Amino acid sequence: MANVVVVGAQWGDEGKGKVVDIYTEFADDVVRYQGGNNAGHTLVVGDEKIVLHLIPSGILHAGKRCIIGNGVVLDPEVFIREITNLKAKGKFQDDSCLLLSESLHVIMPYHKRIDIAREAKSGAGKIGTTGRGIGPTYEDKVARRGIRLADLLDSAVFARKLKELLPERNFILENLLGDKPFTFEEILEEYSRYADILRKYVADTTLILHRDIKEGKRILFEGAQGTLLDVDHGTYPYVTSSSTCAGGACTGTGVSPRDIHEVIGISKAYVTRVGSGPFPTELDDEVGEELRKVGQEFGATTGRPRRTGWFDALVVRYAVRVNGLSGIALTKLDVLDGFETIRVCTGYTYNGGFLDELPSNAEVFAACTPIYEELPGWQQDITGVRTFADLPENAQKYVRRLEELVGCPMALVSVGPRRDQTVVVRNPFE
């Protein structure tokens with residue numbers, strides 16, 4: 001038996017979707033534990049590209065049970081649309097294979113409008129939110145003013161809570177943000193329709209996971225975003241609103257830490273970031289543009305071009321520490337095929353001094369200058385390689401050097417977007 005958590009080891013967009021898709025073959029349950037539809041996982045199956053925002057990537061494997069845990073915030077409209085699209089493609093036919101926690105919080109229309117209006121008023125202080133209402137929903141959750149899925153399914157409870165909450169949200173929209181309010185009736189009617197559709201997916205998922213673990217089933221926990229976007233351990237305030245680190249797998253599902261056996265961190269062979277915030281190795285030049293072009297670095301959810309930069313060993317070493325990573329899945333190594341020389345950040349200079357660990361102060365982090373080590377490239381196509389020994393010598397040396405710098409072994413190396421374009425070094429489920 002092995003239960004595995006997959007986390008992003010950088011700022012998200014590391015390729016978790018593909019890695020989860022690969023590991024799903026060995027799991028019985030695949031569980032999403034945080035975030036909302038502000039994240040997108042892109043998978044390439046054959047020649048078909050599929051983007052998932054809420055439903056775990058394991059849904060593409062027949063017979064696997066997919067669970068969306070209590071740590072997730074759910075936009076019912078997006079969830080229903082995602083189901084409809086998957087069924088239209090013949091990718092999801094058995095409704096019993098998908099479960100929603102009755103304790104997860106529901107994104108309401110006013111959450112999305114507040115999110116967008118706040119960001120519009122922030123000017124230079126913009127965080128880079130996707131405007132999906134994620135942050136305001138988590139705010140209400142922590143303030144104990146949220147609406148959970150169990151509330152939505154009980155028409156009397158939902159009507160009462162909505163009537164209590166809506167006046168305050170409308171006041172914020174009208175008087176603080178200059179936006180138009182909602183009527184009670186329009187939200188009640190829309191969300192009552194959603195409740196009828198969602199009802200068959202709702203369950204006590206914490207109890208189900210506990211029973212499955214007791215029976216020796218294998219669980220794969222799927223996070224969204226990345227370590228440096230964690231609300232506690234990321235580059236605050238330029239973070240998401242949930243616990244993206246491995247600890248979030250426990251709080252976001254109700255599973256004990258003692259039942260987690262492996263934590264695999266997903267990292268690109270370079271690094272990208274979407275939205276505002278410090279990024280020491282960012283390349284605002286033709287090299288950065290080449291990484292963006294070859295790596296197709298555009299957000300799966302927003303379509304925004306991602307900021308690109310050289311691999312930052314301090315970032316991933318930090319992720320190893322706060323997540324307790326037992327292995328790293330290195331993605332997009334093939335994107336570096338054309339570079340004669342590749343740089344890796346091994347430290348920072350700050351205020352005349354040297355830093356070899358990630359600073360916790362975001363202001364300090366923003367003022368850091370990277371120190372680079374140069375490594376020779378391999379300048380040949382590696383997309384057809386399937387074993388580590390068949391990688392070009394310089395590609396092998398690059399991967400081994402990253403292992404040394406971050407203090408964690410590689411479990412997998414991705415050499416292309418398809419499932420089969422993968423070098424498996426060690427399977428965490430075995």
# chains A, B, ... in the order shown; residues from 1 in each chain; ligands from 1
>>> residues_around(residues="segment 178-191 of chain A", least_positions_apart="6", cutoff="7 Å", atoms="only C-alpha atoms", output="ChimeraX atom specification")
/A:159,163,170
>>> residues_around(residues="segment 243-246 of chain A", least_positions_apart="4", cutoff="6 Å", atoms="only C-alpha atoms", output="MDAnalysis selection string")
chainID A and resid 226:227 230:231 323
>>> residues_around(residues="Glu374 of chain A", least_positions_apart="5", cutoff="12 Å", atoms="only C-alpha atoms", output="number ranges by chain")
A: 310-311, 339-346, 394, 397-398, 401
>>> residues_around(residues="Leu405 of chain A", least_positions_apart="6", cutoff="9 Å", atoms="only C-alpha atoms", output="list in words")
Ala313, Leu314, Val316, Arg317 and Thr346 of chain A
>>> write_last_selection(atoms="N, CA, C and O atoms", output="short mmCIF file (atom, residue, chain, number, x, y, z; two decimals), in the first residue's frame")
data_model
loop_
_atom_site.label_atom_id
_atom_site.label_comp_id
_atom_site.auth_asym_id
_atom_site.auth_seq_id
_atom_site.Cartn_x
_atom_site.Cartn_y
_atom_site.Cartn_z
N ALA A 313 17.28 26.83 -7.97
CA ALA A 313 17.48 25.72 -7.04
C ALA A 313 17.01 26.06 -5.63
O ALA A 313 16.57 25.18 -4.89
N LEU A 314 17.07 27.35 -5.27
CA LEU A 314 16.64 27.74 -3.93
C LEU A 314 15.13 27.57 -3.77
O LEU A 314 14.65 27.18 -2.69
N VAL A 316 13.18 25.34 -5.36
CA VAL A 316 12.83 23.92 -5.26
C VAL A 316 13.38 23.30 -3.98
O VAL A 316 12.74 22.43 -3.37
N ARG A 317 14.54 23.77 -3.54
CA ARG A 317 15.08 23.27 -2.26
C ARG A 317 14.15 23.65 -1.11
O ARG A 317 13.95 22.88 -0.17
N THR A 346 21.99 29.22 -8.19
CA THR A 346 22.49 28.47 -7.03
C THR A 346 22.53 29.31 -5.76
O THR A 346 22.87 28.80 -4.68
#
>>> closest_residue(among="A:Ala120, A:Ala224, A:Leu330, A:Val415", to="Arg400 of chain A", atoms="only C-alpha atoms")
A:Leu330
>>> residues_around(residues="Lys200 of chain A", least_positions_apart="4", cutoff="10 Å", atoms="only C-alpha atoms", output="list of chain:residue names")
A:Asp95, A:Ser96, A:Leu98, A:Leu99, A:Leu100, A:Ala195, A:Asp196
>>> write_last_selection(atoms="N, CA, C and O atoms", output="mmCIF file, in the first residue's frame")
data_model
loop_
_atom_site.group_PDB
_atom_site.id
_atom_site.type_symbol
_atom_site.label_atom_id
_atom_site.label_comp_id
_atom_site.auth_asym_id
_atom_site.auth_seq_id
_atom_site.Cartn_x
_atom_site.Cartn_y
_atom_site.Cartn_z
ATOM 1 N N ASP A 95 -21.171 8.079 -13.476
ATOM 2 C CA ASP A 95 -21.278 9.123 -12.463
ATOM 3 C C ASP A 95 -20.828 8.661 -11.083
ATOM 4 O O ASP A 95 -20.432 9.483 -10.258
ATOM 5 N N SER A 96 -20.882 7.370 -10.821
ATOM 6 C CA SER A 96 -20.497 6.859 -9.502
ATOM 7 C C SER A 96 -18.995 6.971 -9.255
ATOM 8 O O SER A 96 -18.542 6.813 -8.111
ATOM 9 N N LEU A 98 -17.273 9.688 -9.550
ATOM 10 C CA LEU A 98 -16.925 11.063 -9.187
ATOM 11 C C LEU A 98 -17.724 11.489 -7.958
ATOM 12 O O LEU A 98 -18.958 11.401 -7.945
ATOM 13 N N LEU A 99 -17.009 11.921 -6.919
ATOM 14 C CA LEU A 99 -17.655 12.307 -5.665
ATOM 15 C C LEU A 99 -17.232 13.709 -5.242
ATOM 16 O O LEU A 99 -16.078 14.109 -5.428
ATOM 17 N N LEU A 100 -18.173 14.432 -4.647
ATOM 18 C CA LEU A 100 -17.921 15.760 -4.097
ATOM 19 C C LEU A 100 -18.108 15.717 -2.585
ATOM 20 O O LEU A 100 -19.094 15.159 -2.090
ATOM 21 N N ALA A 195 -28.195 22.625 -7.612
ATOM 22 C CA ALA A 195 -28.320 21.646 -6.531
ATOM 23 C C ALA A 195 -28.924 20.346 -7.040
ATOM 24 O O ALA A 195 -28.484 19.251 -6.656
ATOM 25 N N ASP A 196 -29.907 20.445 -7.895
ATOM 26 C CA ASP A 196 -30.558 19.241 -8.426
ATOM 27 C C ASP A 196 -29.591 18.386 -9.234
ATOM 28 O O ASP A 196 -29.665 17.151 -9.215
#
>>> residues_around(residues="Leu149 of chain A", least_positions_apart="3", cutoff="7 Å", atoms="only C-alpha atoms", output="list in words")
Glu102, Ser103, Leu104, His105, Val106, Leu152 and Leu153 of chain A
>>> write_last_selection(atoms="all heavy atoms", output="CSV table (one decimal), in the first residue's frame")
chain,number,residue,atom,x,y,z
A,102,GLU,N,-19.4,16.8,0.8
A,102,GLU,CA,-20.5,17.7,1.2
A,102,GLU,C,-20.1,18.9,2.1
A,102,GLU,O,-20.9,19.8,2.3
A,102,GLU,CB,-21.5,16.8,2.1
A,102,GLU,CG,-20.9,16.2,3.3
A,102,GLU,CD,-21.8,15.3,4.0
A,102,GLU,OE1,-23.0,15.1,3.6
A,102,GLU,OE2,-21.4,14.7,5.1
A,103,SER,N,-18.8,18.9,2.5
A,103,SER,CA,-18.3,20.0,3.3
A,103,SER,C,-17.5,21.0,2.5
A,103,SER,O,-17.1,22.0,3.1
A,103,SER,CB,-17.3,19.4,4.4
A,103,SER,OG,-18.0,18.5,5.2
A,104,LEU,N,-17.4,20.9,1.2
A,104,LEU,CA,-16.6,21.9,0.5
A,104,LEU,C,-17.5,23.1,0.3
A,104,LEU,O,-18.7,23.1,0.4
A,104,LEU,CB,-16.2,21.4,-0.9
A,104,LEU,CG,-17.2,20.9,-2.0
A,104,LEU,CD1,-17.9,22.1,-2.6
A,104,LEU,CD2,-16.5,20.1,-3.0
A,105,HIS,N,-16.9,24.3,0.2
A,105,HIS,CA,-17.6,25.6,0.1
A,105,HIS,C,-17.9,25.9,-1.4
A,105,HIS,O,-17.1,25.6,-2.3
A,105,HIS,CB,-16.7,26.7,0.7
A,105,HIS,CG,-16.9,26.7,2.2
A,105,HIS,ND1,-17.5,27.7,2.9
A,105,HIS,CD2,-16.5,25.7,3.1
A,105,HIS,CE1,-17.4,27.4,4.2
A,105,HIS,NE2,-16.8,26.2,4.4
A,106,VAL,N,-19.0,26.6,-1.6
A,106,VAL,CA,-19.5,26.9,-2.9
A,106,VAL,C,-19.2,28.3,-3.3
A,106,VAL,O,-19.4,29.3,-2.5
A,106,VAL,CB,-21.0,26.7,-2.9
A,106,VAL,CG1,-21.6,27.0,-4.3
A,106,VAL,CG2,-21.4,25.2,-2.6
A,152,LEU,N,-26.3,23.9,0.3
A,152,LEU,CA,-26.9,24.1,-1.0
A,152,LEU,C,-28.0,23.1,-1.3
A,152,LEU,O,-29.0,23.4,-1.9
A,152,LEU,CB,-25.9,24.2,-2.1
A,152,LEU,CG,-26.4,24.3,-3.6
A,152,LEU,CD1,-27.1,25.7,-3.7
A,152,LEU,CD2,-25.2,24.2,-4.5
A,153,LEU,N,-27.7,21.9,-0.9
A,153,LEU,CA,-28.7,20.8,-1.2
A,153,LEU,C,-29.9,20.8,-0.3
A,153,LEU,O,-30.9,20.1,-0.6
A,153,LEU,CB,-27.9,19.4,-1.0
A,153,LEU,CG,-26.7,19.2,-1.9
A,153,LEU,CD1,-26.2,17.7,-1.7
A,153,LEU,CD2,-27.1,19.5,-3.4
>>> residues_around(residues="Gly277 of chain A", least_positions_apart="2", cutoff="7 Å", atoms="only C-alpha atoms", output="list in words")
Tyr238, Gly275 and Phe279 of chain A
>>> closest_residue(among="A:Lys121, A:Arg218, A:Asp285, A:Leu209", to="Phe26 of chain A", atoms="only C-alpha atoms")
A:Arg218
>>> select_by_dssp(residues="segment 72-109 of chain A", states="strand (DSSP E or B)", output="list in words")
Val72, Val73, Leu74, Leu98, Leu99, Leu100, Ser101, His105 and Val106 of chain A
>>> atom_distance(atom1="atom CA of Asp29 of chain A", atom2="atom CA of Ile67 of chain A")
7.3 Å
>>> closest_residue(among="A:Phe171, A:Tyr194, A:Trp378, A:Tyr318", to="Gly265 of chain A", atoms="only C-alpha atoms")
A:Tyr318
>>> closest_residue(among="A:Arg426, A:Arg419, A:His233, A:Lys293", to="Trp11 of chain A", atoms="only C-alpha atoms")
A:His233
>>> select_by_dssp(residues="segment 130-337 of chain A", states="alpha helix (DSSP H)", output="ChimeraX atom specification")
/A:134-142,149-153,155-171,184-198,205-214,248-251,286-294,313-323
>>> closest_atom_pairs(of="segment 68-165 of chain A", to="segment 248-251 of chain A", cutoff="9 Å", atoms="only C-alpha atoms", output="Markdown table")
| residue | atom | partner | partner_atom | distance |
| --- | --- | --- | --- | --- |
| A:Gly69 | CA | A:Ala249 | CA | 8.9 |
| A:Asn70 | CA | A:Thr251 | CA | 8.2 |
| A:Gly71 | CA | A:Thr251 | CA | 6.9 |
>>> write_last_selection(atoms="N, CA, C and O atoms", output="mmCIF file, in the first residue's frame")
data_model
loop_
_atom_site.group_PDB
_atom_site.id
_atom_site.type_symbol
_atom_site.label_atom_id
_atom_site.label_comp_id
_atom_site.auth_asym_id
_atom_site.auth_seq_id
_atom_site.Cartn_x
_atom_site.Cartn_y
_atom_site.Cartn_z
ATOM 1 N N GLY A 69 -12.244 17.079 -2.585
ATOM 2 C CA GLY A 69 -12.298 17.139 -1.133
ATOM 3 C C GLY A 69 -12.820 18.438 -0.572
ATOM 4 O O GLY A 69 -13.059 19.422 -1.285
ATOM 5 N N ASN A 70 -12.944 18.459 0.744
ATOM 6 C CA ASN A 70 -13.510 19.609 1.452
ATOM 7 C C ASN A 70 -12.658 20.867 1.357
ATOM 8 O O ASN A 70 -13.141 21.978 1.572
ATOM 9 N N GLY A 71 -11.374 20.743 1.018
ATOM 10 C CA GLY A 71 -10.501 21.902 0.910
ATOM 11 C C GLY A 71 -10.670 22.686 -0.374
ATOM 12 O O GLY A 71 -10.107 23.771 -0.520
#
>>> closest_residue(among="A:Arg321, A:Arg65, A:Lys87, A:Arg113", to="Val31 of chain A", atoms="only C-alpha atoms")
A:Arg65
>>> decode(residues="segment 392-407 of chain A", atoms="all heavy atoms", output="mmCIF file, in the first residue's frame")
data_model
loop_
_atom_site.group_PDB
_atom_site.id
_atom_site.type_symbol
_atom_site.label_atom_id
_atom_site.label_comp_id
_atom_site.auth_asym_id
_atom_site.auth_seq_id
_atom_site.Cartn_x
_atom_site.Cartn_y
_atom_site.Cartn_z
ATOM 1 N N PRO A 392 21.021 12.232 -23.571
ATOM 2 C CA PRO A 392 22.371 12.710 -23.885
ATOM 3 C C PRO A 392 23.155 12.935 -22.583
ATOM 4 O O PRO A 392 22.580 13.263 -21.541
ATOM 5 C CB PRO A 392 22.123 14.024 -24.627
ATOM 6 C CG PRO A 392 20.737 13.910 -25.160
ATOM 7 C CD PRO A 392 19.972 13.083 -24.183
ATOM 8 N N GLU A 393 24.462 12.778 -22.665
ATOM 9 C CA GLU A 393 25.296 12.893 -21.469
ATOM 10 C C GLU A 393 25.093 14.217 -20.753
ATOM 11 O O GLU A 393 24.987 14.252 -19.516
ATOM 12 C CB GLU A 393 26.780 12.726 -21.852
ATOM 13 C CG GLU A 393 27.717 12.779 -20.654
ATOM 14 C CD GLU A 393 29.178 12.622 -21.048
ATOM 15 O OE1 GLU A 393 29.451 12.442 -22.257
ATOM 16 O OE2 GLU A 393 30.039 12.704 -20.157
ATOM 17 N N ASN A 394 25.015 15.306 -21.500
ATOM 18 C CA ASN A 394 24.848 16.605 -20.849
ATOM 19 C C ASN A 394 23.469 16.768 -20.210
ATOM 20 O O ASN A 394 23.319 17.478 -19.208
ATOM 21 C CB ASN A 394 25.102 17.736 -21.840
ATOM 22 C CG ASN A 394 26.583 17.935 -22.123
ATOM 23 O OD1 ASN A 394 27.438 17.429 -21.396
ATOM 24 N ND2 ASN A 394 26.897 18.662 -23.182
ATOM 25 N N ALA A 395 22.474 16.100 -20.789
ATOM 26 C CA ALA A 395 21.136 16.130 -20.181
ATOM 27 C C ALA A 395 21.146 15.355 -18.863
ATOM 28 O O ALA A 395 20.549 15.789 -17.868
ATOM 29 C CB ALA A 395 20.109 15.537 -21.142
ATOM 30 N N GLN A 396 21.845 14.223 -18.849
ATOM 31 C CA GLN A 396 21.983 13.463 -17.613
ATOM 32 C C GLN A 396 22.715 14.274 -16.545
ATOM 33 O O GLN A 396 22.315 14.302 -15.373
ATOM 34 C CB GLN A 396 22.742 12.162 -17.867
ATOM 35 C CG GLN A 396 21.998 11.151 -18.722
ATOM 36 C CD GLN A 396 22.753 9.834 -18.835
ATOM 37 O OE1 GLN A 396 23.338 9.354 -17.856
ATOM 38 N NE2 GLN A 396 22.753 9.241 -20.019
ATOM 39 N N LYS A 397 23.768 14.950 -16.960
ATOM 40 C CA LYS A 397 24.536 15.759 -16.010
ATOM 41 C C LYS A 397 23.696 16.910 -15.460
ATOM 42 O O LYS A 397 23.799 17.260 -14.277
ATOM 43 C CB LYS A 397 25.804 16.309 -16.695
ATOM 44 C CG LYS A 397 26.874 15.259 -16.943
ATOM 45 C CD LYS A 397 28.089 15.880 -17.616
ATOM 46 C CE LYS A 397 29.196 14.846 -17.822
ATOM 47 N NZ LYS A 397 30.370 15.447 -18.519
ATOM 48 N N TYR A 398 22.872 17.489 -16.317
ATOM 49 C CA TYR A 398 21.995 18.577 -15.876
ATOM 50 C C TYR A 398 21.024 18.082 -14.801
ATOM 51 O O TYR A 398 20.869 18.705 -13.747
ATOM 52 C CB TYR A 398 21.228 19.143 -17.074
ATOM 53 C CG TYR A 398 20.289 20.289 -16.728
ATOM 54 C CD1 TYR A 398 20.785 21.542 -16.396
ATOM 55 C CD2 TYR A 398 18.905 20.104 -16.724
ATOM 56 C CE1 TYR A 398 19.928 22.602 -16.077
ATOM 57 C CE2 TYR A 398 18.042 21.148 -16.406
ATOM 58 C CZ TYR A 398 18.563 22.386 -16.078
ATOM 59 O OH TYR A 398 17.714 23.424 -15.755
ATOM 60 N N VAL A 399 20.378 16.963 -15.067
ATOM 61 C CA VAL A 399 19.414 16.407 -14.107
ATOM 62 C C VAL A 399 20.103 16.054 -12.793
ATOM 63 O O VAL A 399 19.594 16.357 -11.707
ATOM 64 C CB VAL A 399 18.712 15.167 -14.706
ATOM 65 C CG1 VAL A 399 17.828 14.490 -13.655
ATOM 66 C CG2 VAL A 399 17.878 15.560 -15.921
ATOM 67 N N ARG A 400 21.277 15.415 -12.870
ATOM 68 C CA ARG A 400 21.994 15.028 -11.644
ATOM 69 C C ARG A 400 22.452 16.261 -10.856
ATOM 70 O O ARG A 400 22.446 16.248 -9.623
ATOM 71 C CB ARG A 400 23.203 14.156 -11.998
ATOM 72 C CG ARG A 400 22.867 12.782 -12.576
ATOM 73 C CD ARG A 400 21.931 12.018 -11.677
ATOM 74 N NE ARG A 400 21.656 10.668 -12.166
ATOM 75 C CZ ARG A 400 20.581 9.965 -11.844
ATOM 76 N NH1 ARG A 400 19.664 10.495 -11.034
ATOM 77 N NH2 ARG A 400 20.398 8.758 -12.309
ATOM 78 N N ARG A 401 22.813 17.325 -11.561
ATOM 79 C CA ARG A 401 23.223 18.541 -10.870
ATOM 80 C C ARG A 401 22.040 19.166 -10.143
ATOM 81 O O ARG A 401 22.183 19.658 -9.009
ATOM 82 C CB ARG A 401 23.818 19.542 -11.874
ATOM 83 C CG ARG A 401 24.314 20.836 -11.242
ATOM 84 C CD ARG A 401 25.340 20.595 -10.168
ATOM 85 N NE ARG A 401 25.848 21.838 -9.586
ATOM 86 C CZ ARG A 401 26.231 21.970 -8.322
ATOM 87 N NH1 ARG A 401 26.161 20.929 -7.489
ATOM 88 N NH2 ARG A 401 26.694 23.124 -7.873
ATOM 89 N N LEU A 402 20.858 19.122 -10.752
ATOM 90 C CA LEU A 402 19.669 19.639 -10.074
ATOM 91 C C LEU A 402 19.380 18.828 -8.815
ATOM 92 O O LEU A 402 19.014 19.395 -7.775
ATOM 93 C CB LEU A 402 18.453 19.605 -11.013
ATOM 94 C CG LEU A 402 18.514 20.466 -12.279
ATOM 95 C CD1 LEU A 402 17.157 20.500 -12.963
ATOM 96 C CD2 LEU A 402 19.007 21.869 -11.995
ATOM 97 N N GLU A 403 19.528 17.518 -8.897
ATOM 98 C CA GLU A 403 19.346 16.678 -7.713
ATOM 99 C C GLU A 403 20.269 17.111 -6.578
ATOM 100 O O GLU A 403 19.847 17.212 -5.411
ATOM 101 C CB GLU A 403 19.627 15.209 -8.041
ATOM 102 C CG GLU A 403 18.563 14.519 -8.862
ATOM 103 C CD GLU A 403 18.900 13.062 -9.108
ATOM 104 O OE1 GLU A 403 20.096 12.754 -9.323
ATOM 105 O OE2 GLU A 403 17.988 12.222 -9.086
ATOM 106 N N GLU A 404 21.516 17.361 -6.906
ATOM 107 C CA GLU A 404 22.498 17.774 -5.893
ATOM 108 C C GLU A 404 22.103 19.111 -5.264
ATOM 109 O O GLU A 404 22.174 19.282 -4.038
ATOM 110 C CB GLU A 404 23.889 17.913 -6.529
ATOM 111 C CG GLU A 404 24.511 16.609 -6.987
ATOM 112 C CD GLU A 404 25.804 16.846 -7.757
ATOM 113 O OE1 GLU A 404 26.185 18.039 -7.933
ATOM 114 O OE2 GLU A 404 26.430 15.866 -8.189
ATOM 115 N N LEU A 405 21.686 20.036 -6.112
ATOM 116 C CA LEU A 405 21.397 21.392 -5.629
ATOM 117 C C LEU A 405 20.149 21.458 -4.758
ATOM 118 O O LEU A 405 20.084 22.249 -3.814
ATOM 119 C CB LEU A 405 21.248 22.348 -6.814
ATOM 120 C CG LEU A 405 22.540 22.680 -7.570
ATOM 121 C CD1 LEU A 405 22.218 23.409 -8.871
ATOM 122 C CD2 LEU A 405 23.461 23.543 -6.702
ATOM 123 N N VAL A 406 19.132 20.647 -5.067
ATOM 124 C CA VAL A 406 17.874 20.721 -4.303
ATOM 125 C C VAL A 406 17.806 19.686 -3.191
ATOM 126 O O VAL A 406 16.937 19.769 -2.321
ATOM 127 C CB VAL A 406 16.644 20.592 -5.227
ATOM 128 C CG1 VAL A 406 16.709 21.636 -6.332
ATOM 129 C CG2 VAL A 406 16.515 19.188 -5.806
ATOM 130 N N GLY A 407 18.712 18.699 -3.210
ATOM 131 C CA GLY A 407 18.745 17.708 -2.147
ATOM 132 C C GLY A 407 17.618 16.705 -2.188
ATOM 133 O O GLY A 407 17.116 16.271 -1.150
#
